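Enquirer: Enclosed is the structure file protein22.txt (compact mmCIF, C-alpha atoms).
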# COMPACT_ATOMS: atom_id res chain seq x y z
CA MET M 295 -45.68 -26.22 12.03
CA PHE M 296 -47.89 -25.07 9.15
CA LEU M 297 -50.05 -22.24 10.41
CA VAL M 298 -52.19 -20.61 7.75
CA ASN M 299 -51.52 -16.92 8.25
CA LYS M 300 -49.80 -14.35 10.40
CA THR M 301 -52.67 -14.13 12.88
CA HIS M 302 -52.46 -17.81 13.79
CA LEU M 303 -48.69 -17.64 13.99
CA ALA M 304 -49.05 -14.61 16.29
CA ILE M 305 -51.20 -16.67 18.66
CA LEU M 306 -48.48 -19.31 18.90
CA ARG M 307 -45.77 -16.68 19.40
CA GLU M 308 -47.84 -15.05 22.16
CA HIS M 309 -47.91 -18.40 23.98
CA GLN M 310 -44.15 -18.74 23.54
CA LYS M 311 -43.57 -15.20 24.83
CA ARG M 312 -45.73 -15.74 27.93
CA ALA M 313 -43.97 -19.02 28.63
CA ALA M 314 -40.55 -17.35 28.30
CA GLU M 315 -41.58 -14.53 30.65
CA SER M 316 -42.83 -16.98 33.26
CA GLY M 317 -39.64 -19.05 33.00
CA GLN M 318 -41.52 -22.19 32.02
CA SER M 319 -40.98 -24.28 28.95
CA HIS M 320 -43.27 -23.51 26.03
CA VAL M 321 -46.27 -25.80 26.46
CA LEU M 322 -49.66 -24.88 25.06
CA ASN M 323 -52.49 -25.98 27.30
CA PRO M 324 -54.81 -28.03 25.08
CA ASN M 325 -57.75 -26.94 27.22
CA GLU M 326 -57.11 -23.27 26.45
CA VAL M 327 -56.27 -23.46 22.73
CA HIS M 328 -59.88 -23.11 21.58
CA GLU M 329 -60.62 -20.09 23.74
CA GLU M 330 -57.33 -18.43 22.85
CA PHE M 331 -57.84 -19.05 19.12
CA LYS M 332 -61.42 -17.80 19.27
CA ALA M 333 -60.43 -14.68 21.20
CA ARG M 334 -57.80 -13.73 18.65
CA LEU M 335 -59.82 -14.64 15.57
CA GLY M 336 -60.76 -11.09 14.63
CA PHE M 337 -63.84 -9.76 12.92
CA ASN M 338 -63.25 -11.37 9.51
CA GLY M 339 -62.48 -14.73 11.05
CA LYS M 340 -65.65 -14.64 13.15
CA VAL M 341 -67.76 -13.69 10.13
CA ALA M 342 -66.18 -16.48 8.09
CA THR M 343 -66.80 -18.97 10.89
CA ILE M 344 -70.47 -17.97 11.15
CA MET M 345 -70.95 -18.00 7.38
CA THR M 346 -69.28 -21.40 7.08
CA GLY M 347 -71.53 -22.70 9.84
CA VAL M 348 -74.59 -21.46 7.97
CA TYR M 349 -73.40 -22.60 4.54
CA GLY M 350 -72.29 -25.99 5.77
CA SER M 351 -75.51 -26.92 7.55
CA MET M 352 -78.33 -29.11 6.34
CA TYR M 353 -80.75 -26.34 7.31
CA PHE M 354 -79.27 -24.21 4.53
CA VAL M 355 -79.75 -27.10 2.08
CA TYR M 356 -83.38 -27.45 3.19
CA PHE M 357 -83.84 -23.69 2.82
CA LEU M 358 -82.44 -23.79 -0.73
CA ILE M 359 -84.68 -26.70 -1.69
CA LEU M 360 -87.76 -24.94 -0.32
CA PHE M 361 -86.75 -21.61 -1.85
CA MET M 362 -86.12 -23.03 -5.31
CA GLY M 363 -89.17 -25.30 -5.22
CA GLY M 364 -91.34 -22.41 -4.00
CA TRP M 365 -89.92 -20.09 -6.68
CA MET M 366 -90.58 -22.59 -9.47
CA LEU M 367 -94.08 -23.36 -8.17
CA TRP M 368 -94.89 -19.66 -7.78
CA GLN M 369 -93.56 -18.68 -11.21
CA GLY M 370 -94.79 -21.75 -13.09
CA ALA M 371 -98.20 -22.61 -11.74
CA VAL M 372 -99.52 -20.01 -9.33
CA SER M 373 -98.64 -16.72 -10.97
CA GLY M 374 -100.79 -15.79 -13.98
CA LYS M 375 -98.16 -13.42 -15.33
CA PRO M 376 -94.70 -14.60 -14.14
CA PHE M 377 -91.76 -12.19 -14.20
CA ASP M 378 -89.33 -15.20 -14.38
CA PRO M 379 -90.96 -17.74 -16.69
CA TYR M 380 -89.58 -21.21 -17.37
CA PRO M 381 -86.36 -21.78 -17.70
CA PHE M 382 -86.21 -19.52 -14.59
CA LEU M 383 -83.19 -17.44 -15.61
CA LEU M 384 -83.39 -15.15 -12.56
CA LEU M 385 -83.49 -18.19 -10.26
CA LEU M 386 -80.44 -19.65 -12.04
CA PHE M 387 -78.66 -16.32 -11.64
CA ILE M 388 -79.46 -16.25 -7.90
CA GLY M 389 -78.25 -19.86 -7.59
CA ASN M 390 -74.98 -18.97 -9.34
CA LEU M 391 -74.49 -15.99 -7.00
CA ILE M 392 -74.98 -18.26 -3.99
CA GLN M 393 -72.36 -20.65 -5.38
CA LEU M 394 -69.91 -17.86 -6.23
CA ILE M 395 -70.16 -16.35 -2.78
CA GLY M 396 -70.36 -19.68 -0.95
CA GLY M 397 -67.23 -21.25 -2.41
CA PRO M 398 -64.73 -18.72 -1.04
CA ILE M 399 -66.58 -18.48 2.27
CA ILE M 400 -66.33 -22.24 2.74
CA GLN M 401 -62.64 -22.19 1.78
CA VAL M 402 -61.88 -19.47 4.32
CA GLY M 403 -63.79 -21.41 6.97
CA GLN M 404 -61.85 -24.56 6.08
CA ASN M 405 -58.58 -22.66 6.40
CA LEU M 406 -59.60 -21.36 9.83
CA SER M 407 -60.62 -24.84 10.91
CA SER M 408 -57.33 -26.23 9.64
CA ALA M 409 -55.33 -23.57 11.49
CA HIS M 410 -57.27 -24.30 14.68
CA SER M 411 -56.61 -28.02 14.28
CA GLU M 412 -52.92 -27.38 13.72
CA LEU M 413 -52.74 -25.23 16.82
CA ARG M 414 -54.43 -27.98 18.83
CA ALA M 415 -52.06 -30.53 17.34
CA GLU M 416 -49.10 -28.33 18.29
CA ALA M 417 -50.42 -28.10 21.84
CA ASP M 418 -50.91 -31.87 22.00
CA TYR M 419 -47.42 -32.42 20.63
CA GLU M 420 -45.89 -30.15 23.27
CA VAL M 421 -47.84 -31.91 26.02
CA ASN M 422 -46.72 -35.29 24.67
CA LYS M 423 -43.09 -34.16 24.59
CA LYS M 424 -43.31 -32.95 28.19
CA SER M 425 -45.07 -36.15 29.26
CA PHE M 426 -42.41 -38.24 27.56
CA SER M 427 -39.60 -36.38 29.32
CA ASP M 428 -41.46 -36.71 32.64
CA ILE M 429 -41.91 -40.44 32.07
CA GLN M 430 -38.22 -40.79 31.20
CA GLU M 431 -37.30 -38.94 34.40
CA MET M 432 -39.60 -41.16 36.47
CA GLN M 433 -38.17 -44.27 34.82
CA ASN M 434 -34.65 -43.13 35.66
CA ARG M 435 -35.69 -42.51 39.27
CA MET M 436 -37.32 -45.95 39.45
CA GLU M 437 -34.16 -47.61 38.11
CA LYS M 438 -32.07 -45.71 40.66
CA LEU M 439 -34.43 -46.77 43.46
CA GLU M 440 -34.30 -50.35 42.24
CA VAL M 441 -30.50 -50.35 42.38
CA GLU M 442 -30.57 -48.79 45.86
CA ASN M 443 -33.11 -51.39 47.02
CA ARG M 444 -30.92 -54.24 45.74
CA GLU M 445 -27.91 -52.78 47.52
CA LEU M 446 -29.93 -52.31 50.72
CA LEU M 447 -31.30 -55.85 50.52
CA GLN M 448 -27.80 -57.21 50.00
CA TRP M 449 -26.53 -55.22 52.98
CA ILE M 450 -29.42 -56.51 55.14
CA LYS M 451 -28.71 -60.09 54.12
CA GLU M 452 -25.00 -59.77 54.85
CA ASN M 453 -25.53 -58.06 58.21
CA ALA M 454 -28.32 -60.40 59.24
CA VAL M 455 -26.11 -63.45 58.61
CA ILE M 456 -23.25 -61.93 60.59
CA HIS M 457 -25.62 -60.89 63.39
CA VAL M 458 -27.25 -64.33 63.57
CA SER M 459 -23.87 -66.11 63.68
CA GLN M 460 -22.67 -63.73 66.41
CA GLU M 461 -25.83 -64.44 68.45
CA ALA M 462 -25.31 -68.17 68.04
CA GLN M 463 -21.76 -67.90 69.34
CA THR M 464 -22.93 -65.77 72.25
CA LEU M 465 -25.61 -68.30 73.14
CA LYS M 466 -23.12 -71.18 73.00
CA ALA M 467 -20.72 -69.34 75.25
CA SER M 468 -23.34 -68.42 77.81
CA ALA M 469 -25.08 -71.78 77.87
CA PRO M 470 -24.33 -73.86 80.99
CA GLN M 471 -21.93 -76.65 80.30
CA SER M 472 -22.96 -80.07 81.51
CA ASN M 473 -20.71 -81.86 83.95
CA SER M 474 -20.25 -85.32 82.68
CA GLY M 475 -17.89 -86.28 85.56
CA GLN M 476 -20.45 -86.53 88.33
What do you get writing this file as structure tokens?
Expert:
Amino acid sequence: MFLVNKTHLAILREHQKRAAESGQSHVLNPNEVHEEFKARLGFNGKVATIMTGVYGSMYFVYFLILFMGGWMLWQGAVSGKPFDPYPFLLLLFIGNLIQLIGGPIIQVGQNLSSAHSELRAEADYEVNKKSFSDIQEMQNRMEKLEVENRELLQWIKENAVIHVSQEAQTLKASAPQSNSGQ
């Protein structure tokens, strides 16, 4: 298990603690992992998730294209006295700031996404382990029932043969004998 930081490990330990208190085996419910992870994300994690969502969207790319194109058009052609003439040094500085801030934000968001995926994978693994043990138990029960059915079938066959032969003897004995002398 490779959880990214102490917060994510704390979420997993909380699940283990609740499972131990309830007397059940530790199984994360895959349907609740997302809500649990989101609830325990904290302020910084929520901000990083929102920022990563904004930074990683095509709408942000469109915004940057329009912003830079508008800036260059405004400073190059429209404005009679531009404060950022060609080669647009202020625009390059703003672009560099966006890159410097965006890189770490995206990395933090990727780490959060990775931790969430690992927590989901851990939950799936636990469910798979439990399912496998349940399937093994059912298979053992089926094999036991199959053996019992064979034994029961054998007993029925043996008793049916004995019963039929006893009935045949009873019928022979009770059948009227023909008098061949008259």
Enquirer: In Å, with one decimal, what is the gap from CA of Trp368 (chain M) to CA of Gln393 (chain M)?
Expert: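 Here the two named atoms are 22.7 Å from each other.
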Enquirer: Identify which of the residues M:Asn338, M:Ser407, M:Gly396, M:Met362 lies closest to Phe382 (chain M), counting all atoms listed in the file when measuring atom-to-atom distances.
Expert: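 Residue with the minimum atom-to-atom distance to Phe382 (chain M): M:Met362.
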Enquirer: Quick check, in Å to one decimal: how far apart do CA of Leu384 (chain M) and CA of Phe357 (chain M) lie?
Expert: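 These atoms are spaced 17.6 Å apart.
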Enquirer: What is the distance between CA of Gly397 (chain M) and CA of Gly350 (chain M), in Å to one decimal?
Expert: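 So the two atoms, CA of Gly397 (chain M) and CA of Gly350 (chain M), lie 10.7 Å apart.
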Enquirer: Between M:Met432, M:Val402, M:Ala462, M:Ala409, which residue has the minimum interatomic distance to Thr346 (chain M), considering only C-alpha atoms?
Expert: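 Residue with the minimum atom-to-atom distance to Thr346 (chain M): M:Val402.
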Enquirer: For Glu330 (chain M), which residue among M:Lys438, M:Lys311, M:His410, M:Lys375 is the nearest when counting all atoms listed in the file?
Expert: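 When distances to Glu330 (chain M) are compared using all atoms listed in the file, the smallest one comes from M:His410.
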Enquirer: Measuring between all atoms listed in the file, which one of M:Leu413, M:Leu335, M:Ile400, M:Met366 shows the shortest distance to Leu386 (chain M)?
Expert: M:Met366
